[in-house]
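Q: Sending over work31.json (JSON, C-alpha atoms).
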[["chain", "number", "residue", "atom", "x", "y", "z"],
["A", 1, "MET", "CA", -7.09, 4.05, -16.88],
["A", 2, "TYR", "CA", -5.64, 1.60, -14.41],
["A", 3, "ARG", "CA", -2.11, 1.87, -15.76],
["A", 4, "THR", "CA", -2.28, 5.68, -15.79],
["A", 5, "ALA", "CA", -3.60, 5.79, -12.23],
["A", 6, "ALA", "CA", -0.95, 3.38, -11.03],
["A", 7, "LYS", "CA", 1.81, 5.45, -12.58],
["A", 8, "ARG", "CA", 0.41, 8.63, -11.09],
["A", 9, "LEU", "CA", 0.25, 7.09, -7.61],
["A", 10, "LEU", "CA", 3.43, 5.06, -7.57],
["A", 11, "GLY", "CA", 5.78, 6.88, -9.90],
["A", 12, "THR", "CA", 7.51, 5.88, -13.11],
["A", 13, "GLY", "CA", 10.57, 3.88, -14.02],
["A", 14, "LEU", "CA", 9.43, 0.72, -12.25],
["A", 15, "THR", "CA", 10.30, -2.73, -13.50],
["A", 16, "THR", "CA", 7.34, -4.56, -11.96],
["A", 17, "THR", "CA", 4.55, -5.09, -14.48],
["A", 18, "ARG", "CA", 1.81, -6.40, -12.19],
["A", 19, "LEU", "CA", -1.03, -3.85, -11.80],
["A", 20, "LEU", "CA", -2.87, -2.68, -8.72],
["A", 21, "ARG", "CA", -6.62, -3.16, -8.77],
["A", 22, "LEU", "CA", -7.39, 0.53, -8.28],
["A", 23, "PRO", "CA", -10.95, 1.47, -7.33],
["A", 24, "LYS", "CA", -13.25, 2.54, -10.13],
["A", 25, "PRO", "CA", -14.19, 6.25, -9.95],
["A", 26, "ARG", "CA", -17.81, 6.99, -9.15],
["A", 27, "PRO", "CA", -19.83, 9.62, -11.03],
["A", 28, "THR", "CA", -21.15, 11.06, -7.73],
["A", 29, "LEU", "CA", -19.39, 13.13, -5.08],
["A", 30, "ILE", "CA", -17.71, 11.38, -2.15],
["A", 31, "ILE", "CA", -19.64, 12.24, 1.01],
["A", 32, "PRO", "CA", -17.68, 11.70, 4.27],
["A", 33, "TYR", "CA", -19.34, 9.60, 6.93],
["A", 34, "SER", "CA", -21.00, 11.57, 9.67],
["A", 35, "SER", "CA", -19.50, 11.33, 13.14],
["A", 36, "HIS", "CA", -23.04, 10.74, 14.47],
["A", 37, "THR", "CA", -23.54, 7.46, 12.67],
["A", 38, "SER", "CA", -22.30, 4.10, 13.84],
["A", 39, "GLU", "CA", -22.04, 2.75, 10.32],
["A", 40, "SER", "CA", -18.53, 1.68, 9.37],
["A", 41, "PRO", "CA", -17.14, 1.65, 5.81],
["A", 42, "ILE", "CA", -15.52, -1.69, 6.58],
["A", 43, "SER", "CA", -17.00, -3.92, 9.25],
["A", 44, "ASN", "CA", -15.73, -7.14, 10.76],
["A", 45, "GLN", "CA", -18.36, -9.26, 9.08],
["A", 46, "SER", "CA", -18.07, -12.00, 6.50],
["A", 47, "LEU", "CA", -16.59, -10.60, 3.31],
["A", 48, "ASN", "CA", -17.87, -12.79, 0.54],
["A", 49, "PRO", "CA", -16.95, -11.44, -2.90],
["A", 50, "ASN", "CA", -19.98, -13.27, -4.32],
["A", 51, "GLN", "CA", -22.39, -11.78, -1.76],
["A", 52, "SER", "CA", -24.73, -9.19, -3.25],
["A", 53, "ASN", "CA", -24.91, -5.69, -1.84],
["A", 54, "PRO", "CA", -28.37, -4.16, -2.11],
["A", 55, "THR", "CA", -27.04, -0.64, -1.58],
["A", 56, "ALA", "CA", -24.48, -0.72, -4.37],
["A", 57, "ALA", "CA", -25.01, -1.14, -8.07],
["A", 58, "SER", "CA", -23.48, -4.25, -9.53],
["A", 59, "PRO", "CA", -20.88, -3.55, -12.22],
["A", 60, "PRO", "CA", -21.72, -4.74, -15.72],
["A", 61, "SER", "CA", -20.72, -8.30, -16.49],
["A", 62, "THR", "CA", -18.44, -7.06, -19.24],
["A", 63, "ALA", "CA", -16.52, -4.95, -16.73],
["A", 64, "ARG", "CA", -16.12, -7.92, -14.37],
["A", 65, "GLU", "CA", -14.94, -10.13, -17.21],
["A", 66, "GLU", "CA", -12.51, -7.45, -18.37],
["A", 67, "GLU", "CA", -11.06, -7.10, -14.84],
["A", 68, "GLY", "CA", -10.68, -10.88, -14.50],
["A", 69, "HIS", "CA", -9.02, -11.08, -17.89],
["A", 70, "ARG", "CA", -6.64, -8.26, -17.01],
["A", 71, "ARG", "CA", -5.67, -10.02, -13.76],
["A", 72, "ASP", "CA", -5.09, -13.31, -15.58],
["A", 73, "GLU", "CA", -2.92, -11.55, -18.14],
["A", 74, "SER", "CA", -0.86, -9.79, -15.45],
["A", 75, "MET", "CA", -0.28, -13.12, -13.69],
["A", 76, "ARG", "CA", 1.13, -14.59, -16.88],
["A", 77, "LYS", "CA", 3.50, -11.71, -17.49],
["A", 78, "PRO", "CA", 6.96, -11.73, -15.88],
["A", 79, "ARG", "CA", 6.91, -9.57, -12.77],
["A", 80, "ALA", "CA", 10.16, -7.87, -13.71],
["A", 81, "GLU", "CA", 11.99, -7.35, -16.97],
["A", 82, "PHE", "CA", 14.56, -10.14, -16.58],
["A", 83, "GLN", "CA", 15.79, -12.29, -19.40],
["A", 84, "GLU", "CA", 15.38, -16.04, -18.94],
["A", 85, "GLU", "CA", 19.07, -16.53, -18.19],
["A", 86, "GLN", "CA", 19.04, -13.70, -15.65],
["A", 87, "ALA", "CA", 15.98, -15.16, -13.93],
["A", 88, "ARG", "CA", 17.72, -18.54, -13.63],
["A", 89, "VAL", "CA", 20.72, -16.87, -12.02],
["A", 90, "LEU", "CA", 18.56, -14.97, -9.54],
["A", 91, "ALA", "CA", 16.62, -18.10, -8.60],
["A", 92, "ALA", "CA", 19.84, -20.01, -7.98],
["A", 93, "SER", "CA", 21.34, -17.09, -6.07],
["A", 94, "LEU", "CA", 18.65, -17.30, -3.39],
["A", 95, "ARG", "CA", 20.19, -20.57, -2.18],
["A", 96, "HIS", "CA", 23.34, -18.66, -1.22],
["A", 97, "VAL", "CA", 21.72, -15.67, 0.49],
["A", 98, "ALA", "CA", 21.65, -17.25, 3.95],
["A", 99, "ARG", "CA", 25.44, -17.60, 3.81],
["A", 100, "LEU", "CA", 26.56, -14.70, 1.60],
["A", 101, "GLY", "CA", 23.72, -12.23, 2.07],
["A", 102, "TRP", "CA", 22.00, -10.17, -0.62],
["A", 103, "THR", "CA", 25.28, -9.57, -2.41],
["A", 104, "GLU", "CA", 27.06, -9.85, -5.72],
["A", 105, "GLU", "CA", 28.91, -12.83, -4.25],
["A", 106, "ALA", "CA", 25.61, -14.70, -3.86],
["A", 107, "MET", "CA", 24.72, -13.84, -7.46],
["A", 108, "ILE", "CA", 28.10, -15.04, -8.72],
["A", 109, "ALA", "CA", 27.66, -18.30, -6.83],
["A", 110, "GLY", "CA", 24.19, -18.66, -8.33],
["A", 111, "SER", "CA", 25.45, -18.10, -11.85],
["A", 112, "ARG", "CA", 28.00, -20.87, -11.40],
["A", 113, "ASP", "CA", 25.29, -23.22, -10.13],
["A", 114, "VAL", "CA", 23.38, -22.88, -13.40],
["A", 115, "GLY", "CA", 26.48, -22.95, -15.61],
["A", 116, "VAL", "CA", 26.43, -19.28, -16.59],
["A", 117, "SER", "CA", 29.47, -17.02, -16.69],
["A", 118, "PRO", "CA", 29.72, -14.83, -13.54],
["A", 119, "SER", "CA", 30.08, -11.85, -15.86],
["A", 120, "ILE", "CA", 26.28, -11.90, -16.22],
["A", 121, "VAL", "CA", 26.10, -10.17, -12.84],
["A", 122, "GLY", "CA", 27.31, -7.04, -14.61],
["A", 123, "SER", "CA", 24.13, -7.03, -16.72],
["A", 124, "PHE", "CA", 22.05, -6.17, -13.66],
["A", 125, "SER", "CA", 21.93, -2.41, -13.30],
["A", 126, "ARG", "CA", 21.15, -2.56, -9.56],
["A", 127, "LYS", "CA", 22.58, -5.98, -8.75],
["A", 128, "GLU", "CA", 21.68, -6.64, -5.06],
["A", 129, "ALA", "CA", 18.40, -4.76, -5.49],
["A", 130, "ALA", "CA", 17.52, -7.01, -8.43],
["A", 131, "LEU", "CA", 17.97, -10.05, -6.18],
["A", 132, "VAL", "CA", 15.75, -8.65, -3.42],
["A", 133, "GLU", "CA", 13.09, -7.56, -5.91],
["A", 134, "TYR", "CA", 13.12, -10.97, -7.57],
["A", 135, "PHE", "CA", 12.55, -12.58, -4.17],
["A", 136, "MET", "CA", 9.67, -10.21, -3.40],
["A", 137, "ASP", "CA", 7.99, -10.99, -6.71],
["A", 138, "GLU", "CA", 8.42, -14.73, -6.20],
["A", 139, "CYS", "CA", 6.90, -14.53, -2.71],
["A", 140, "LEU", "CA", 3.90, -12.64, -4.03],
["A", 141, "GLN", "CA", 3.38, -15.27, -6.71],
["A", 142, "LEU", "CA", 3.64, -18.04, -4.12],
["A", 143, "LEU", "CA", 1.01, -16.31, -2.00],
["A", 144, "ILE", "CA", -1.31, -16.02, -5.00],
["A", 145, "ASP", "CA", -0.75, -19.70, -5.79],
["A", 146, "ARG", "CA", -1.61, -20.64, -2.21],
["A", 147, "VAL", "CA", -4.87, -18.74, -2.39],
["A", 148, "ASP", "CA", -5.75, -20.06, -5.85],
["A", 149, "SER", "CA", -5.01, -23.64, -4.78],
["A", 150, "GLY", "CA", -7.89, -23.52, -2.31],
["A", 151, "LEU", "CA", -6.60, -21.88, 0.87],
["A", 152, "ASP", "CA", -9.54, -22.07, 3.30],
["A", 153, "LEU", "CA", -10.56, -18.56, 4.32],
["A", 154, "GLN", "CA", -14.35, -18.84, 4.23],
["A", 155, "ASN", "CA", -14.76, -19.90, 7.86],
["A", 156, "LEU", "CA", -12.69, -16.99, 9.18],
["A", 157, "ILE", "CA", -13.80, -13.45, 9.96],
["A", 158, "PRO", "CA", -12.00, -10.74, 7.93],
["A", 159, "SER", "CA", -9.45, -9.90, 10.65],
["A", 160, "GLU", "CA", -8.46, -13.57, 10.89],
["A", 161, "ARG", "CA", -8.19, -13.82, 7.11],
["A", 162, "VAL", "CA", -5.87, -10.82, 6.99],
["A", 163, "SER", "CA", -3.71, -12.21, 9.82],
["A", 164, "LYS", "CA", -3.45, -15.59, 8.14],
["A", 165, "LEU", "CA", -2.37, -14.19, 4.78],
["A", 166, "VAL", "CA", 0.18, -11.79, 6.31],
["A", 167, "ARG", "CA", 1.61, -14.64, 8.36],
["A", 168, "ILE", "CA", 1.90, -16.91, 5.32],
["A", 169, "ARG", "CA", 3.77, -14.18, 3.46],
["A", 170, "LEU", "CA", 6.14, -13.36, 6.33],
["A", 171, "GLU", "CA", 6.91, -17.04, 6.92],
["A", 172, "MET", "CA", 8.50, -17.07, 3.47],
["A", 173, "GLN", "CA", 11.24, -14.78, 4.83],
["A", 174, "ILE", "CA", 12.19, -17.06, 7.73],
["A", 175, "PRO", "CA", 15.00, -18.88, 5.84],
["A", 176, "TYR", "CA", 16.58, -15.48, 5.17],
["A", 177, "MET", "CA", 15.83, -13.83, 8.51],
["A", 178, "SER", "CA", 19.45, -13.36, 9.57],
["A", 179, "LYS", "CA", 20.07, -11.40, 6.35],
["A", 180, "TRP", "CA", 16.73, -9.61, 6.11],
["A", 181, "PRO", "CA", 17.96, -6.34, 7.71],
["A", 182, "GLN", "CA", 20.32, -6.10, 4.74],
["A", 183, "ALA", "CA", 17.39, -6.59, 2.35],
["A", 184, "LEU", "CA", 15.44, -3.82, 4.08],
["A", 185, "SER", "CA", 18.45, -1.54, 3.82],
["A", 186, "ILE", "CA", 18.69, -2.23, 0.09],
["A", 187, "GLN", "CA", 14.99, -1.54, -0.37],
["A", 188, "ALA", "CA", 15.29, 1.74, 1.54],
["A", 189, "HIS", "CA", 17.97, 3.10, -0.80],
["A", 190, "PRO", "CA", 16.52, 6.12, -2.65],
["A", 191, "VAL", "CA", 17.08, 4.50, -6.04],
["A", 192, "ASN", "CA", 15.16, 1.39, -4.97],
["A", 193, "VAL", "CA", 12.31, 2.99, -2.99],
["A", 194, "PRO", "CA", 9.84, 3.32, -5.91],
["A", 195, "THR", "CA", 10.02, -0.36, -6.85],
["A", 196, "SER", "CA", 10.08, -1.44, -3.22],
["A", 197, "PHE", "CA", 6.99, 0.63, -2.45],
["A", 198, "LYS", "CA", 5.13, -0.66, -5.50],
["A", 199, "GLN", "CA", 5.90, -4.29, -4.60],
["A", 200, "ARG", "CA", 4.62, -3.81, -1.05],
["A", 201, "ALA", "CA", 1.56, -1.97, -2.31],
["A", 202, "MET", "CA", 0.77, -4.87, -4.62],
["A", 203, "LEU", "CA", 1.24, -7.36, -1.78],
["A", 204, "VAL", "CA", -1.23, -5.47, 0.41],
["A", 205, "ASP", "CA", -3.64, -5.14, -2.52],
["A", 206, "GLU", "CA", -3.44, -8.88, -3.19],
["A", 207, "ILE", "CA", -4.16, -9.67, 0.46],
["A", 208, "TRP", "CA", -7.27, -7.49, 0.42],
["A", 209, "HIS", "CA", -8.37, -8.98, -2.89],
["A", 210, "SER", "CA", -7.97, -12.50, -1.49],
["A", 211, "VAL", "CA", -9.94, -11.56, 1.62],
["A", 212, "GLY", "CA", -12.81, -10.49, -0.62],
["A", 213, "ASP", "CA", -12.55, -6.73, -0.31],
["A", 214, "GLY", "CA", -14.74, -4.64, -2.58],
["A", 215, "ALA", "CA", -13.95, -1.15, -1.28],
["A", 216, "SER", "CA", -13.94, 1.90, -3.52],
["A", 217, "ASP", "CA", -12.98, 5.57, -3.35],
["A", 218, "LEU", "CA", -11.02, 6.64, -0.24],
["A", 219, "ASP", "CA", -11.87, 3.44, 1.63],
["A", 220, "TRP", "CA", -9.65, 1.60, -0.84],
["A", 221, "TYR", "CA", -6.64, 3.76, 0.08],
["A", 222, "VAL", "CA", -7.39, 3.80, 3.80],
["A", 223, "LYS", "CA", -7.48, 0.03, 4.16],
["A", 224, "ARG", "CA", -4.35, -0.55, 2.11],
["A", 225, "THR", "CA", -2.42, 2.15, 3.97],
["A", 226, "VAL", "CA", -3.36, 0.79, 7.38],
["A", 227, "LEU", "CA", -2.61, -2.81, 6.39],
["A", 228, "GLY", "CA", 0.71, -1.68, 4.92],
["A", 229, "GLY", "CA", 1.59, -0.23, 8.31],
["A", 230, "VAL", "CA", 0.54, -3.42, 10.10],
["A", 231, "TYR", "CA", 2.65, -5.52, 7.72],
["A", 232, "SER", "CA", 5.73, -3.32, 8.08],
["A", 233, "THR", "CA", 5.62, -3.11, 11.88],
["A", 234, "THR", "CA", 5.19, -6.89, 12.14],
["A", 235, "GLU", "CA", 8.07, -7.41, 9.74],
["A", 236, "ILE", "CA", 10.34, -5.25, 11.92],
["A", 237, "TYR", "CA", 9.16, -6.95, 15.13],
["A", 238, "MET", "CA", 9.99, -10.31, 13.58],
["A", 239, "LEU", "CA", 13.65, -9.35, 13.22],
["A", 240, "THR", "CA", 14.15, -9.24, 17.00],
["A", 241, "ASP", "CA", 11.86, -12.15, 17.92],
["A", 242, "ASP", "CA", 13.70, -15.09, 19.49],
["A", 243, "SER", "CA", 10.58, -16.94, 20.65],
["A", 244, "PRO", "CA", 10.04, -20.54, 19.45],
["A", 245, "GLU", "CA", 8.67, -20.58, 15.89],
["A", 246, "TYR", "CA", 8.14, -16.81, 16.08],
["A", 247, "ARG", "CA", 5.13, -17.21, 18.37],
["A", 248, "ASP", "CA", 5.53, -13.69, 19.77],
["A", 249, "THR", "CA", 5.50, -12.28, 16.23],
["A", 250, "TRP", "CA", 2.24, -13.98, 15.34],
["A", 251, "ALA", "CA", 0.66, -12.80, 18.61],
["A", 252, "PHE", "CA", 1.92, -9.28, 17.82],
["A", 253, "LEU", "CA", 0.43, -9.54, 14.32],
["A", 254, "ASP", "CA", -2.96, -10.66, 15.63],
["A", 255, "ASP", "CA", -3.00, -7.78, 18.10],
["A", 256, "ARG", "CA", -2.09, -5.21, 15.42],
["A", 257, "VAL", "CA", -4.82, -6.44, 13.11],
["A", 258, "LYS", "CA", -7.33, -6.25, 15.94],
["A", 259, "ASP", "CA", -6.06, -2.77, 16.83],
["A", 260, "ALA", "CA", -6.75, -1.75, 13.23],
["A", 261, "PHE", "CA", -10.45, -2.01, 14.04],
["A", 262, "ASP", "CA", -9.94, 0.72, 16.62],
["A", 263, "MET", "CA", -10.33, 3.97, 14.69],
["A", 264, "LYS", "CA", -7.87, 6.06, 16.71],
["A", 265, "LYS", "CA", -5.10, 3.49, 16.51],
["A", 266, "SER", "CA", -5.75, 2.98, 12.80],
["A", 267, "ILE", "CA", -5.46, 6.71, 12.11],
["A", 268, "GLN", "CA", -2.17, 6.96, 14.01],
["A", 269, "GLU", "CA", -0.66, 3.91, 12.30],
["A", 270, "ALA", "CA", -1.73, 5.19, 8.90],
["A", 271, "LYS", "CA", -0.22, 8.62, 9.64],
["A", 272, "TYR", "CA", 3.12, 7.12, 10.59],
["A", 273, "PHE", "CA", 3.11, 4.89, 7.52],
["A", 274, "ALA", "CA", 2.14, 7.77, 5.24],
["A", 275, "GLN", "CA", 4.93, 9.95, 6.66],
["A", 276, "ASP", "CA", 7.54, 7.24, 6.18],
["A", 277, "ILE", "CA", 6.48, 6.38, 2.65],
["A", 278, "GLY", "CA", 5.73, 9.96, 1.68],
["A", 279, "ALA", "CA", 9.29, 10.98, 2.51],
["A", 280, "GLY", "CA", 10.55, 8.55, -0.10],
["A", 281, "VAL", "CA", 7.86, 8.78, -2.76],
["A", 282, "GLY", "CA", 7.01, 12.48, -2.92],
["A", 283, "LYS", "CA", 4.62, 15.23, -1.99],
["A", 284, "SER", "CA", 1.81, 14.03, -4.27],
["A", 285, "PHE", "CA", 1.39, 10.83, -2.26],
["A", 286, "GLN", "CA", 1.72, 12.75, 1.01],
["A", 287, "GLY", "CA", -1.05, 15.07, -0.10],
["A", 288, "LEU", "CA", -3.29, 12.14, -0.93],
["A", 289, "MET", "CA", -2.74, 10.56, 2.48],
["A", 290, "ASN", "CA", -3.40, 13.86, 4.29],
["A", 291, "GLY", "CA", -6.79, 13.93, 2.59],
["A", 292, "VAL", "CA", -7.41, 10.33, 3.61],
["A", 293, "MET", "CA", -6.56, 11.11, 7.24],
["A", 294, "GLN", "CA", -8.92, 14.08, 7.33],
["A", 295, "THR", "CA", -11.74, 11.96, 5.94],
["A", 296, "MET", "CA", -11.05, 9.22, 8.47],
["A", 297, "SER", "CA", -11.07, 11.73, 11.33],
["A", 298, "ARG", "CA", -14.46, 13.05, 10.26],
["A", 299, "ARG", "CA", -15.92, 9.56, 10.56],
["A", 300, "GLY", "CA", -15.54, 9.67, 14.31],
["A", 301, "GLY", "CA", -16.13, 6.23, 15.81],
["A", 302, "SER", "CA", -16.22, 4.30, 12.54],
["A", 303, "SER", "CA", -13.87, 1.38, 12.13],
["A", 304, "ALA", "CA", -11.01, 1.53, 9.66],
["A", 305, "PHE", "CA", -11.61, -2.07, 8.70]]
Would you mind writing the file's structure down as structure tokens?

A:
Amino acid sequence: MYRTAAKRLLGTGLTTTRLLRLPKPRPTLIIPYSSHTSESPISNQSLNPNQSNPTAASPPSTAREEEGHRRDESMRKPRAEFQEEQARVLAASLRHVARLGWTEEAMIAGSRDVGVSPSIVGSFSRKEAALVEYFMDECLQLLIDRVDSGLDLQNLIPSERVSKLVRIRLEMQIPYMSKWPQALSIQAHPVNVPTSFKQRAMLVDEIWHSVGDGASDLDWYVKRTVLGGVYSTTEIYMLTDDSPEYRDTWAFLDDRVKDAFDMKKSIQEAKYFAQDIGAGVGKSFQGLMNGVMQTMSRRGGSSAF
């Protein structure tokens, strides 16, 4: 079910094997929140994944064990279909990106570092894109490792947890910042958009999972769409930030996350993000997001997060 849903949402022909934790379908109809209620689908309270919810039925233990097993299995699988020798070349190539950019030249230099013939670069069907995608996968794995190693999030409210995890991920791009516009250009190429979108979707999903999110139905899509917009706008802002240690970027990030708790701003950010992504992914995704926006609008003063 999960693999089929992921393919339907994100398209086919993707090399990344990690799976999104899609929400489980409910047997009952989805009833939009009334505009006359102050209840929010996602409030800025402590999100403890172990905290019981008296209003929601707890999933069977077998289902929880199956989901945990599936996540463990996906973590052990390679994130992209690279042979061992290719992966070594890509890892070594990252050391040359700051000087040579996300280019074949960097990959050739990396192959020489590990004693492999430069002709191996020809085995990559999308060359520079393979290098960027390898970096994205490695950064996601590093973020997961940070969380699993005991990153302290329990004493933070949800908005602070989200800001902290986004900042940790963006800090991984600092050594490559001068060349990151080139990486974004490569990701935006029509051939590379599906994989690029899936990688970013998985990053946002992992952040929410680490925060302790347990949303389902449309709330699942709303939160990930809004956070995707926050991440992307902060990433772009970071490219022009010349403040010491990117202080202005982190202040911008904190403000955007706080703005996400304002329903009107959240709707607008999600619309912009849906339009941008929908143009590259297809009408099916655009249709889904239009439905999400209508549901959000009907909730009136409720918070997106």

Q: Could you check which of A:Ala130, A:Ser210, A:His96, A:Tyr237 is closest to A:Arg146, using all atoms listed in the file?

A: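 Of A:Ala130, A:Ser210, A:His96, A:Tyr237, the one nearest A:Arg146 is A:Ser210, counting all atoms listed in the file.
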
Q: Just to confirm, what's the straight-line distance from atom CA of A:Lys164 to atom CA of A:Lys198 in Å (one decimal)?

A: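 Spanning atom CA of A:Lys164 to atom CA of A:Lys198 is a straight-line distance of 22.0 Å.
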
Q: Work out how far apart atom CA of A:Ala183 and atom CA of A:Thr240 are and give it in Å to one decimal.

A: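 Atom CA of A:Thr240 lies at a distance of 15.2 Å from atom CA of A:Ala183.
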
Q: Counting all atoms listed in the file, select every polymer residue within 8 Å of (-4.0, -9.2, 8.3) as defined in the file's coordinates, and provide the selection as a list in words.

A: Ser159, Glu160, Arg161, Val162, Ser163, Lys164, Leu165, Val166, Arg167, Ile207, Leu227, Val230, Tyr231, Leu253, Asp254 and Val257 of chain A

Q: Point out the residue among A:Leu131, A:Ile168, A:Ala215, A:Val121 with the least atom-to-atom distance to A:Val97, counting only C-alpha atoms.

A: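 Distance minimum relative to A:Val97 lands on A:Leu131.
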